[in-house]
Structure formats: C-alpha cells, structure tokens
Amino acid sequence: MIRYLLTALLCCFISITAFGQTSTGSLRGRVLTDKGKPVPDAFVTPEKGQAKPADKEGRFILNLQPGAQKVMVQAMGYSSRIFDINIEEGKEETLDVVLTTESILDEVVVTAGRKAESIREVPSSVTIVREKEIREQAAINPSITSILGNTVPGLGTFTNKATNAGQTLRGRSVLVLIDGIPQSTPLMNGSRDLRSIDPAVISRVEVIKGATSIYGNGSGGGIINMITKNPEGDKKISGETRIGADGNLFHSDNTLGYQLSQSLYGKINKFSYVVSGIYNRTGALKDADGNVIAQADGLSETRLFNGFAKLGYQINDKQSLTFSYNIFKSQQHAKYINKDGVYGVSPAYGVPGVDPGDPAGTPHSHNMYLSYKVAELPANTSLEVVLYDNRFQSLNRYVAKSTSWYGPGQTYIQSYKQGIRANLNTPWKTKFISGDVTYGLDVLKDRTNQVLTDGRIYVPDMNMLNVAPFAQVKADFHRLVLKGGVRYENDGIRVKDFNTIAKGPEGQGSTFIKGGKLNYNALMFNIGARYNRWNVFSPFVSFSQAFGLNELGRVLRTASENTLSQIQTDPVITNNYEAGFSSEFGPVNFSASYFISTSKLGANLVEQNGIFVTQREPERVYGYELVIDSRIGNRVKAGASYSFVEGKSKQADGEWRYMNGERIMPAKGTAFVNYQPVNVLNMQLSMVYTGSRDRFQPRANTGVYGLSEGPVKSVAYFNFNAGYRISSAFNLSMGIENLFNQAYYPPRSQYRVQNNEYVMGNGARMTLALGYKF
C-alpha cells in the first residue's frame, strides 16, 4: 500500500511543473584556480534560483530570471566569491571566476541542513572527507571503516573487522546514510552499516557530529552521509580502469590479494550516467610476527563485489530526475580458523581449517532511490522528492556453543526499508535580514528481524512505520547566522506474539511474549548560532536533540515479561550541547569544539553472565576535538587532530560509573605530512595514535574483567601512500599500511577481554594499483 501511495505522491509533485514557467536569460562561464586550472564541481548559486555544479572542466551554464541579482561561487578548499550580474531576457551573459586561497569555512556541505550551504553557515562540528583523501586512504586500506577511522576526529578507530562495532561517534550511535538514504538498522544493530558501499564510488563523505533533529532514528552521535559520484564532463563516454594487488611485505605467503574496477560515465543530450563494478579479493592478513589474523567477522580472505549505477535526466532547466542503484556484497571465505590466544599474554591466530558455518559478512545490501528535483516554484521554492528502497542482510559468525540459545547456531539480521523524503526550501529576504526555511516530510517503513540459519527466531519481526514532519529556519543577520528547527517523530512498531529463543533441548528458558503495538511520539528541536565576521575567529554554539529506538531487538530477545507493553522500550532522547570555533590565519586552519551529550534513558550494553544486556540508565558523555592543518610553502602540507571522549551512566544506587569500550574509545590522535616535489608526484606519511584507558577493576565474583572493560594501552603506527601521474591517461598509486611493521594490539582487542578476539593488528601491508582514464 505504501508503494502505491509513494508513487501517487511523486506524480503529484511532478505535476507542479506547470507553475513558474517564465522567459529567461542565461549565464555561462568557467571556474578556475589562480593558476588557470579548472575547479571541478564548484557550486554556482544564483540569488534567484538553485545551486548547480560546474563540470570537471570548471564550466557551468544557468538559465536565470531576467533582472539584477547576485551569484555566489563556492568550491571545496577555495574561498567563495559573490558577483553582481544583470540578466536580460533571451540573452546570454558570461562570467569567468578565479577562486583562490584554501578555506575551511567555505567548504560546501549538504547534509547538515538538507541543502547546499557553506560550513560558515553551520553551527556545529563538520568533517568533510574529500574524494582525493578517500582515494589516498583507500591505497592504504580499501575498507571505508579504516578510511573514516583514520580521518574523522571523534570516530572510533579501525578494528580490522568487517563490522564497525565499537566505532561510535562521540560515544553514541551514528546514523549512516548513502545519498541521504538510511543504511543503519537501529532496531537491531548489526554494525555493518558503514561497510555497505565501496570507497571507489564515493565522491565525498560528510560527517555531522552531535545529536541532530534534522534526521531520524539512530542519530544520537551524528550522521555519516556517503555521497556517491556523479557523471563528469560532456563526453558521451569516459571511464577509468584500475587493477591492483596487495600483500604482506615481510610474510607474503598466502597474503596476495587483488582488486579490479571499471567505471564508465558520460552525457548524451539530456541524459547522464555513471556505472561501475568493483571486485576485491583479499588474501590472508598477517600480523607483524607473520601470524595469520583469522578472527571471526574479520577482513582476512574476504571477497567483495560492488555494482553501482546512477542515471540522470534533465527534463528542462528547472527539473531533473535521478535514479541510483547500489549492490554491495562482502563475505569471508577463510581457509584458516581462529585458534584462541591467552588474553594479556599471547595473541589468537589462524591455523588451517574450515569453518563449519556459512561465510560471514554481508550477503547483500541493496540501495535504490529515485529523486525528482524542481526549482523556481512559487515563492522561488525548490523541491526534492526521493523514493527509496533498502534491503540489507548481515550474517554473523557461526558459534558451536552459545549462552544465548541451545546448541550451535549462526544468526543473521534482515532489514527491509521503504520510504519517501519530501524536502522543500523557500528563501526569504527583508531589508536587513535574509534566510530560508527548509521543511518537509519523512516517511519510513522498516521491517527488521534476527533469525538463525536453521530457522529458529531470535528476534521477531519488528514492523515500524515512522512519519516525521520537520522544519528548519535560517536567518542571516549579515554576519550572525541563526538556525533553529523542529522535527516531530511519530513511530508505531507492531510485534506479533512470539517466544524468546530456548536455552535448553526441551525448550527450557523460552518465554511466551504477547505481542502488540508500541507507539512513540516526540517533538525534537535544535537551535544554534555562528558568527562569521572574521575568518580568524568564527565561533558557534548549538543545542540539538535526537530520537533513537536503539537496540529494541536486544530488549525483546532477552525479555522476561509476558506482555509487550510491560517491557521497557522507551526511546533514547539525546540532548547535545556544543561550543566551538574555526580559525584561518594565513596558511593555517584550526578548529576546536567541546561537547556534552546527555540522555535520561540510555542504551548502554553491560555484560551479565557472559552476554550483553541493555541498561536503561541516565547517561552523560562529554569531550573535545582539536584539528589543525597548514600549507608550508607550495609543496608541503601538514596537519594533526586530537579527540577525547568520556562517558558515564548513573546506576540505581546513584553512583556514576564509566561506560565500557563498546561506547567509549580511548583518545585518538592523527597527523600527516603531504609532500608534492613535482606536479606529477604526491607523497604522504600519516600516523594514527590511540591513547590508554583504564577505568575498570576485575569483577569481584570472578576475578576477571567484564566484557569490554579491559584496560587499553596506547598504540601508534604509521601509514604511507603515494600517487604518480604517468601521463594524462595513466596513473600509479602505492600504499603501505603499518609502514614500520609495528606489532600492536588494536584497542578493541584489548578492551574486549576475550581469548578468541585477542588478535594483533595488520603487519606491514603494501598495495599497488594502476589506473587508466579515457
């Protein structure tokens, strides 16, 4: 029924195109650097119209309403410029633009407010990982969890696993999006939402930190939006072919892997397209001592496939359609099985053998959407409507014996989402103030469960329907930007009668639960301000709330009550307070922020009798982030970051106790030096550091640490990557992970306190790739 409703709504929106058809003039031009090179994907934003990107040659053309108006030109890494133009009906004007000076405040971000805007208009912390950085980091390790862990302050470090368990953002859950489409499964978190797309098809990643009421369920720690590539240039067909190989530098036996990718893109009249296919086969991963890393749910001996297509059709100057489809598969086909180590003494490692279960990983993740955009509706309103369908399956490792159910078993999480996002933006202006209002409606239907491969039900179907209207207002007082908004969450979740899974051969330990419907209603709001008069000091303050039904599946599968309504399933309402600033002085960029995040009811996972149980306790998380980078002459750029987060939950006796490592990671520092001796060669040395954390004592009844409560010692290792442009068509890249072959235990291996998870990190591992563009 919902699909028919969504289709009908889309048809209604398309019919709006009859409005606002007027005669126009045009503006044509090119965006260049001060050295005469094109600036690709610059945003050209007219005062009376919608922002449009320039192509890879820096060219753009806009059809505009006649009359005098202003046009702003922005691009990542460049200062924005504003021009006064006068458009005459039926005539074409030209405007060539030169952008200079790298500026963090003029980065364009679309995720924070659901529209293109510069960071100087966003009153919160934002990290943007550009395509260049993604490609450089992918040369070191092609997993998106590694790329983001190495580049995003406040995000947990890479765990060398196919999951992102433990990679919280500022100590809380993160909502993962692809082109604005939700990938996360907050009803039953499988921790595989980050690894749902290959970095080769991502043009940039926007990370909005802290609770946000702009988006829905699961965004207590922030948002990670992975934005896919668009067609480049005006040729009918272009493309890139890449082949690569990787392996351990010092212990190469059985470690050879390879990567193949092919992309095609182009424009044919009003049509544009980009299609690509990636296949990645990883050999055995080894630590610095040559031991095979065969941890369950690891990345050793994985096979990955990613197919991607994006098709665009420019209906006319004001309307466009975009269809996108992405399929991602990644599973571990291991010839080694894990041999337990001794926690704190010796590592777990792989020995030849066959795992009796099915290959763990992501058997499939399908992401599909259809987007319709129209500009210049009445009141100069723009509209975007997105219909989407997401289907995801996460297969966990086989276990011979479990404390959660009887006998051996292997579970998998299934999630099916369909929805619509309608987003409108209307600008407004008075004599002294300008701004806009963004408003719309999100509708999401989500069915999630967790079952065993033998047919037993671990978590029953949770059928959720979420309807959430929202509105966001921005007011610019010429230097002071104020933003505020509301979002009304209206959730209904239906669960049929079910029995919790048995823990004995005759059904012992199984509890009958009478089903029903859970209803949740909450009004979330946000408010913030940024003062951007001076580039040398641009401060901001903000308050924002987020709504989350995190880990409802965990609550249901361990329930002991007999009726659904008796189970405590109240949502997590997160309040985030943040203050910070950005500074630019000469070639130096610096930013700092401090945050406090509170919730009256949390969803903290605490070990009881060998399994994690969700604790519904008041929580307080706090911390700070520092980021600096600078150009040193024309050939060198260097930078560093440091992020610290801590969290406590309030117990029944009133005591505030530290949260474990599943939520709170040790302090993280990163640093890099980038050197470009000649235009065709670029080299970078980078470092990742995690500090120590020792907050817990061994349990009194057992004398050992609880799950995820182990002490963590500091870790530091270096990576290296280089890129060489052989010619206009050929390029070569090289990356070395753990350059100095440092023997270390990743933080997760240390705090988990599990013999089978006490694995070392990757030893020195090199990747070589050759690319051909045509």
# chains A, B, ... in the order shown; residues from 1 in each chain; ligands from 1
>>> closest_atom_pairs(of="stretch 199-287 of chain A", to="stretch 348-364 of chain A", cutoff="10 Å", atoms="only C-alpha atoms", output="tab-separated table")
residue	atom	partner	partner_atom	distance
A:Ala284	CA	A:Gly350	CA	9.3
A:Leu285	CA	A:Gly350	CA	9.6
A:Lys286	CA	A:Tyr349	CA	8.9
A:Asp287	CA	A:Tyr349	CA	9.0
>>> write_last_selection(atoms="N, CA and C atoms", output="PDB file, in the first residue's frame")
ATOM      1  N   ALA A 284      45.121 -13.735   2.891  1.00  0.00           N
ATOM      2  CA  ALA A 284      45.218 -13.868   4.345  1.00  0.00           C
ATOM      3  C   ALA A 284      45.935 -12.650   4.910  1.00  0.00           C
ATOM      4  N   LEU A 285      45.377 -12.068   5.948  1.00  0.00           N
ATOM      5  CA  LEU A 285      46.028 -10.964   6.644  1.00  0.00           C
ATOM      6  C   LEU A 285      46.946 -11.538   7.728  1.00  0.00           C
ATOM      7  N   LYS A 286      48.093 -10.894   7.885  1.00  0.00           N
ATOM      8  CA  LYS A 286      49.061 -11.363   8.886  1.00  0.00           C
ATOM      9  C   LYS A 286      49.519 -10.197   9.759  1.00  0.00           C
ATOM     10  N   ASP A 287      49.857 -10.537  10.997  1.00  0.00           N
ATOM     11  CA  ASP A 287      50.354  -9.508  11.905  1.00  0.00           C
ATOM     12  C   ASP A 287      51.851  -9.307  11.693  1.00  0.00           C
TER      13      ASP A 287
END
>>> residues_around(residues="A:Met734", least_positions_apart="4", cutoff="7 Å", atoms="only C-alpha atoms", output="list in words")
Ala139, Asn721, Ala722, Gly723, Thr767, Leu768 and Ala769 of chain A
>>> write_last_selection(atoms="C-alpha atoms", output="short mmCIF file (atom, residue, chain, number, x, y, z; two decimals), in the first residue's frame")
data_model
loop_
_atom_site.label_atom_id
_atom_site.label_comp_id
_atom_site.auth_asym_id
_atom_site.auth_seq_id
_atom_site.Cartn_x
_atom_site.Cartn_y
_atom_site.Cartn_z
CA ALA A 139 45.51 2.97 -1.28
CA ASN A 721 50.80 6.47 0.37
CA ALA A 722 51.99 7.92 -2.92
CA GLY A 723 50.44 8.75 -6.27
CA THR A 767 49.03 -2.13 -2.15
CA LEU A 768 49.96 -1.23 -5.75
CA ALA A 769 47.39 -0.11 -8.34
#
>>> select_by_dssp(residues="stretch 34-184 of chain A", states="strand (DSSP E)", output="number ranges by chain")
A: 43-46, 52-53, 59-64, 67-75, 78-87, 92-99, 108-109, 117-118, 126-130, 174-178, 181-182
>>> closest_residue(among="A:Leu175, A:Val109, A:Val572, A:Ile197", to="A:Ile144", atoms="only C-alpha atoms")
A:Ile197
>>> residues_around(residues="A:Arg172", least_positions_apart="3", cutoff="6 Å", atoms="only C-alpha atoms", output="number ranges by chain")
A: 168-169, 220-221
>>> atom_distance(atom1="atom CA of A:Val715", atom2="atom CA of A:Gly763")
13.6 Å
>>> select_by_dssp(residues="stretch 37-257 of chain A", states="helix (DSSP H, G or I)", output="PDB file with N, CA and C atoms, in the first residue's frame")
ATOM      1  N   ILE A 104      38.698  26.534   5.097  1.00  0.00           N
ATOM      2  CA  ILE A 104      37.802  25.529   5.669  1.00  0.00           C
ATOM      3  C   ILE A 104      36.401  26.087   5.848  1.00  0.00           C
ATOM      4  N   LEU A 105      36.273  27.396   6.010  1.00  0.00           N
ATOM      5  CA  LEU A 105      34.956  27.977   6.258  1.00  0.00           C
ATOM      6  C   LEU A 105      34.095  28.022   5.009  1.00  0.00           C
ATOM      7  N   ASP A 106      34.699  27.878   3.832  1.00  0.00           N
ATOM      8  CA  ASP A 106      33.920  27.952   2.607  1.00  0.00           C
ATOM      9  C   ASP A 106      33.655  26.575   1.994  1.00  0.00           C
ATOM     10  N   ILE A 119      30.146  25.814   5.311  1.00  0.00           N
ATOM     11  CA  ILE A 119      30.327  25.479   6.717  1.00  0.00           C
ATOM     12  C   ILE A 119      30.168  26.710   7.596  1.00  0.00           C
ATOM     13  N   ARG A 120      30.485  27.904   7.073  1.00  0.00           N
ATOM     14  CA  ARG A 120      30.343  29.112   7.881  1.00  0.00           C
ATOM     15  C   ARG A 120      28.887  29.393   8.250  1.00  0.00           C
ATOM     16  N   GLU A 121      27.949  28.648   7.658  1.00  0.00           N
ATOM     17  CA  GLU A 121      26.539  28.804   7.999  1.00  0.00           C
ATOM     18  C   GLU A 121      26.037  27.684   8.905  1.00  0.00           C
ATOM     19  N   GLU A 131      37.111  13.408  -2.073  1.00  0.00           N
ATOM     20  CA  GLU A 131      37.430  12.275  -2.932  1.00  0.00           C
ATOM     21  C   GLU A 131      38.929  12.012  -2.979  1.00  0.00           C
ATOM     22  N   LYS A 132      39.733  13.065  -3.007  1.00  0.00           N
ATOM     23  CA  LYS A 132      41.187  12.897  -3.038  1.00  0.00           C
ATOM     24  C   LYS A 132      41.663  12.161  -1.783  1.00  0.00           C
ATOM     25  N   GLU A 133      41.140  12.552  -0.619  1.00  0.00           N
ATOM     26  CA  GLU A 133      41.530  11.892   0.623  1.00  0.00           C
ATOM     27  C   GLU A 133      41.049  10.440   0.649  1.00  0.00           C
ATOM     28  N   ILE A 134      39.848  10.202   0.133  1.00  0.00           N
ATOM     29  CA  ILE A 134      39.318   8.838   0.092  1.00  0.00           C
ATOM     30  C   ILE A 134      40.219   7.952  -0.744  1.00  0.00           C
ATOM     31  N   ARG A 135      40.637   8.460  -1.912  1.00  0.00           N
ATOM     32  CA  ARG A 135      41.486   7.654  -2.796  1.00  0.00           C
ATOM     33  C   ARG A 135      42.848   7.414  -2.165  1.00  0.00           C
ATOM     34  N   GLU A 136      43.409   8.428  -1.512  1.00  0.00           N
ATOM     35  CA  GLU A 136      44.711   8.255  -0.862  1.00  0.00           C
ATOM     36  C   GLU A 136      44.630   7.223   0.259  1.00  0.00           C
ATOM     37  N   GLN A 137      43.585   7.312   1.089  1.00  0.00           N
ATOM     38  CA  GLN A 137      43.448   6.374   2.189  1.00  0.00           C
ATOM     39  C   GLN A 137      43.104   4.970   1.698  1.00  0.00           C
ATOM     40  N   ALA A 138      42.340   4.877   0.609  1.00  0.00           N
ATOM     41  CA  ALA A 138      41.992   3.565   0.064  1.00  0.00           C
ATOM     42  C   ALA A 138      43.222   2.836  -0.463  1.00  0.00           C
ATOM     43  N   ILE A 144      36.105   1.186   4.064  1.00  0.00           N
ATOM     44  CA  ILE A 144      35.623   2.517   4.436  1.00  0.00           C
ATOM     45  C   ILE A 144      35.720   2.726   5.941  1.00  0.00           C
ATOM     46  N   THR A 145      35.634   1.642   6.739  1.00  0.00           N
ATOM     47  CA  THR A 145      35.778   1.793   8.182  1.00  0.00           C
ATOM     48  C   THR A 145      37.185   2.253   8.550  1.00  0.00           C
ATOM     49  N   SER A 146      38.187   1.794   7.791  1.00  0.00           N
ATOM     50  CA  SER A 146      39.563   2.244   8.015  1.00  0.00           C
ATOM     51  C   SER A 146      39.739   3.691   7.579  1.00  0.00           C
ATOM     52  N   ILE A 147      39.204   4.021   6.412  1.00  0.00           N
ATOM     53  CA  ILE A 147      39.346   5.380   5.874  1.00  0.00           C
ATOM     54  C   ILE A 147      38.771   6.409   6.827  1.00  0.00           C
ATOM     55  N   LEU A 148      37.549   6.165   7.320  1.00  0.00           N
ATOM     56  CA  LEU A 148      36.913   7.129   8.206  1.00  0.00           C
ATOM     57  C   LEU A 148      37.548   7.109   9.596  1.00  0.00           C
ATOM     58  N   GLY A 149      37.937   5.937  10.069  1.00  0.00           N
ATOM     59  CA  GLY A 149      38.600   5.864  11.365  1.00  0.00           C
ATOM     60  C   GLY A 149      39.907   6.629  11.391  1.00  0.00           C
ATOM     61  N   ASN A 150      40.599   6.709  10.240  1.00  0.00           N
ATOM     62  CA  ASN A 150      41.885   7.417  10.157  1.00  0.00           C
ATOM     63  C   ASN A 150      41.736   8.906   9.908  1.00  0.00           C
ATOM     64  N   THR A 151      40.538   9.371   9.530  1.00  0.00           N
ATOM     65  CA  THR A 151      40.405  10.769   9.103  1.00  0.00           C
ATOM     66  C   THR A 151      39.370  11.580   9.879  1.00  0.00           C
ATOM     67  N   PRO A 199      34.537   2.374  -1.342  1.00  0.00           N
ATOM     68  CA  PRO A 199      35.015   3.759  -1.462  1.00  0.00           C
ATOM     69  C   PRO A 199      35.194   4.236  -2.900  1.00  0.00           C
ATOM     70  N   ALA A 200      35.360   3.312  -3.846  1.00  0.00           N
ATOM     71  CA  ALA A 200      35.608   3.703  -5.236  1.00  0.00           C
ATOM     72  C   ALA A 200      34.433   4.442  -5.859  1.00  0.00           C
ATOM     73  N   VAL A 201      33.232   4.319  -5.311  1.00  0.00           N
ATOM     74  CA  VAL A 201      32.076   5.005  -5.893  1.00  0.00           C
ATOM     75  C   VAL A 201      31.630   6.190  -5.040  1.00  0.00           C
TER      76      VAL A 201
END
>>> residues_around(residues="stretch 524-531 of chain A", least_positions_apart="3", cutoff="7 Å", atoms="only C-alpha atoms", output="list in words")
Glu121, Val122, Pro123, Ser213, Arg479, Leu480, Val481, Leu482, Lys483, Gly484, Gly485, Val486, Arg487, Tyr488, Ser538, Pro539, Phe540, Val541, Ser542, Phe543, Ser544, Gln545 and Ala546 of chain A
>>> write_last_selection(atoms="N, CA and C atoms", output="short mmCIF file (atom, residue, chain, number, x, y, z; two decimals), in the first residue's frame")
data_model
loop_
_atom_site.label_atom_id
_atom_site.label_comp_id
_atom_site.auth_asym_id
_atom_site.auth_seq_id
_atom_site.Cartn_x
_atom_site.Cartn_y
_atom_site.Cartn_z
N GLU A 121 27.95 28.65 7.66
CA GLU A 121 26.54 28.80 8.00
C GLU A 121 26.04 27.68 8.91
N VAL A 122 26.92 26.76 9.29
CA VAL A 122 26.51 25.59 10.07
C VAL A 122 27.02 25.73 11.50
N PRO A 123 26.13 25.80 12.49
CA PRO A 123 26.56 25.97 13.89
C PRO A 123 26.82 24.62 14.58
N SER A 213 18.31 16.76 15.15
CA SER A 213 16.88 16.56 14.96
C SER A 213 16.48 16.75 13.50
N ARG A 479 26.22 38.87 9.40
CA ARG A 479 27.40 38.20 9.92
C ARG A 479 27.04 37.14 10.95
N LEU A 480 25.90 37.31 11.57
CA LEU A 480 25.43 36.36 12.56
C LEU A 480 24.37 35.46 11.93
N VAL A 481 24.65 34.16 11.92
CA VAL A 481 23.72 33.20 11.35
C VAL A 481 23.02 32.45 12.48
N LEU A 482 21.70 32.50 12.50
CA LEU A 482 20.90 31.78 13.48
C LEU A 482 20.13 30.68 12.77
N LYS A 483 20.11 29.49 13.38
CA LYS A 483 19.35 28.37 12.80
C LYS A 483 18.56 27.70 13.91
N GLY A 484 17.36 27.30 13.59
CA GLY A 484 16.53 26.58 14.54
C GLY A 484 15.53 25.73 13.80
N GLY A 485 15.12 24.63 14.42
CA GLY A 485 14.18 23.77 13.74
C GLY A 485 13.51 22.79 14.67
N VAL A 486 12.50 22.12 14.14
CA VAL A 486 11.77 21.10 14.89
C VAL A 486 11.54 19.89 14.00
N ARG A 487 11.36 18.76 14.65
CA ARG A 487 11.01 17.52 13.97
C ARG A 487 10.09 16.74 14.89
N TYR A 488 8.98 16.31 14.37
CA TYR A 488 8.02 15.55 15.17
C TYR A 488 8.09 14.09 14.79
N SER A 538 35.72 32.30 14.04
CA SER A 538 34.32 32.12 13.70
C SER A 538 33.70 31.16 14.71
N PRO A 539 33.12 31.70 15.81
CA PRO A 539 32.61 30.84 16.88
C PRO A 539 31.18 30.36 16.60
N PHE A 540 30.80 29.27 17.26
CA PHE A 540 29.43 28.77 17.16
C PHE A 540 29.03 28.12 18.48
N VAL A 541 27.73 28.10 18.73
CA VAL A 541 27.13 27.37 19.85
C VAL A 541 25.87 26.70 19.32
N SER A 542 25.53 25.55 19.91
CA SER A 542 24.33 24.86 19.43
C SER A 542 23.77 23.94 20.49
N PHE A 543 22.48 23.69 20.35
CA PHE A 543 21.78 22.67 21.13
C PHE A 543 20.91 21.89 20.16
N SER A 544 20.97 20.55 20.25
CA SER A 544 20.17 19.74 19.36
C SER A 544 19.78 18.44 20.05
N GLN A 545 18.62 17.93 19.67
CA GLN A 545 18.12 16.68 20.22
C GLN A 545 18.07 15.60 19.13
N ALA A 546 18.10 14.37 19.57
CA ALA A 546 17.95 13.24 18.65
C ALA A 546 17.08 12.18 19.29
#
>>> closest_residue(among="A:Leu707, A:Val536, A:Val292, A:Leu383", to="A:Val759", atoms="only C-alpha atoms")
A:Val292
>>> closest_atom_pairs(of="stretch 186-280 of chain A", to="stretch 324-344 of chain A", cutoff="10 Å", atoms="only C-alpha atoms", output="JSON lines")
{"residue": "A:Arg195", "atom": "CA", "partner": "A:Ser330", "partner_atom": "CA", "distance": 8.5}
{"residue": "A:Ser196", "atom": "CA", "partner": "A:Phe328", "partner_atom": "CA", "distance": 5.9}
{"residue": "A:Ile197", "atom": "CA", "partner": "A:Phe328", "partner_atom": "CA", "distance": 5.9}
{"residue": "A:Asp198", "atom": "CA", "partner": "A:Phe328", "partner_atom": "CA", "distance": 7.6}
{"residue": "A:Val201", "atom": "CA", "partner": "A:Asn326", "partner_atom": "CA", "distance": 9.5}
{"residue": "A:Thr228", "atom": "CA", "partner": "A:Ser324", "partner_atom": "CA", "distance": 9.3}
{"residue": "A:Tyr273", "atom": "CA", "partner": "A:Ser324", "partner_atom": "CA", "distance": 9.7}
{"residue": "A:Val274", "atom": "CA", "partner": "A:Ser324", "partner_atom": "CA", "distance": 9.4}
{"residue": "A:Val275", "atom": "CA", "partner": "A:Tyr325", "partner_atom": "CA", "distance": 9.5}
{"residue": "A:Ser276", "atom": "CA", "partner": "A:Asn326", "partner_atom": "CA", "distance": 9.6}
{"residue": "A:Gly277", "atom": "CA", "partner": "A:Ile327", "partner_atom": "CA", "distance": 9.7}
{"residue": "A:Ile278", "atom": "CA", "partner": "A:Phe328", "partner_atom": "CA", "distance": 9.5}
{"residue": "A:Tyr279", "atom": "CA", "partner": "A:Lys329", "partner_atom": "CA", "distance": 9.7}
{"residue": "A:Asn280", "atom": "CA", "partner": "A:Ser330", "partner_atom": "CA", "distance": 9.1}
>>> write_last_selection(atoms="C-alpha atoms", output="CSV table (one decimal), in the first residue's frame")
chain,number,residue,atom,x,y,z
A,195,ARG,CA,30.6,-1.3,5.1
A,196,SER,CA,27.7,-1.1,2.7
A,197,ILE,CA,29.5,0.6,-0.2
A,198,ASP,CA,32.9,0.6,-1.7
A,201,VAL,CA,32.1,5.0,-5.9
A,228,THR,CA,28.2,8.9,-4.5
A,273,TYR,CA,25.1,8.3,-16.4
A,274,VAL,CA,27.8,6.7,-14.3
A,275,VAL,CA,28.1,2.9,-13.9
A,276,SER,CA,30.9,0.9,-12.2
A,277,GLY,CA,31.8,-2.5,-10.9
A,278,ILE,CA,34.4,-3.4,-8.3
A,279,TYR,CA,35.7,-6.8,-7.3
A,280,ASN,CA,38.2,-7.1,-4.4
>>> closest_residue(among="A:Thr100, A:Ser80, A:Ser219, A:Asn731", to="A:Thr33", atoms="only C-alpha atoms")
A:Thr100
>>> atom_distance(atom1="atom CA of A:Leu256", atom2="atom CA of A:Thr302")
11.9 Å
>>> atom_distance(atom1="atom CA of A:Leu387", atom2="atom CA of A:Val44")
26.7 Å
>>> residues_around(residues="stretch 674-685 of chain A", least_positions_apart="3", cutoff="6 Å", atoms="only C-alpha atoms", output="PyMOL selection string")
chain A and resi 635-637+719-725
>>> residues_around(residues="A:Tyr751", least_positions_apart="5", cutoff="7 Å", atoms="only C-alpha atoms", output="mmCIF file with N, CA and C atoms, in the first residue's frame")
data_model
loop_
_atom_site.group_PDB
_atom_site.id
_atom_site.type_symbol
_atom_site.label_atom_id
_atom_site.label_comp_id
_atom_site.auth_asym_id
_atom_site.auth_seq_id
_atom_site.Cartn_x
_atom_site.Cartn_y
_atom_site.Cartn_z
ATOM 1 N N GLY A 661 34.130 -0.086 26.713
ATOM 2 C CA GLY A 661 34.740 0.231 25.429
ATOM 3 C C GLY A 661 33.823 0.124 24.236
ATOM 4 N N SER A 708 34.404 -6.089 27.484
ATOM 5 C CA SER A 708 34.672 -4.721 27.017
ATOM 6 C C SER A 708 35.069 -3.768 28.135
ATOM 7 N N GLU A 709 35.586 -4.313 29.253
ATOM 8 C CA GLU A 709 36.031 -3.463 30.356
ATOM 9 C C GLU A 709 37.532 -3.571 30.596
ATOM 10 N N GLY A 710 38.262 -4.209 29.689
ATOM 11 C CA GLY A 710 39.685 -4.388 29.876
ATOM 12 C C GLY A 710 40.469 -3.097 29.724
ATOM 13 N N PRO A 711 41.644 -2.997 30.363
ATOM 14 C CA PRO A 711 42.490 -1.804 30.202
ATOM 15 C C PRO A 711 43.098 -1.750 28.811
ATOM 16 N N VAL A 712 43.284 -0.540 28.309
ATOM 17 C CA VAL A 712 43.830 -0.328 26.967
ATOM 18 C C VAL A 712 45.133 0.445 27.069
#
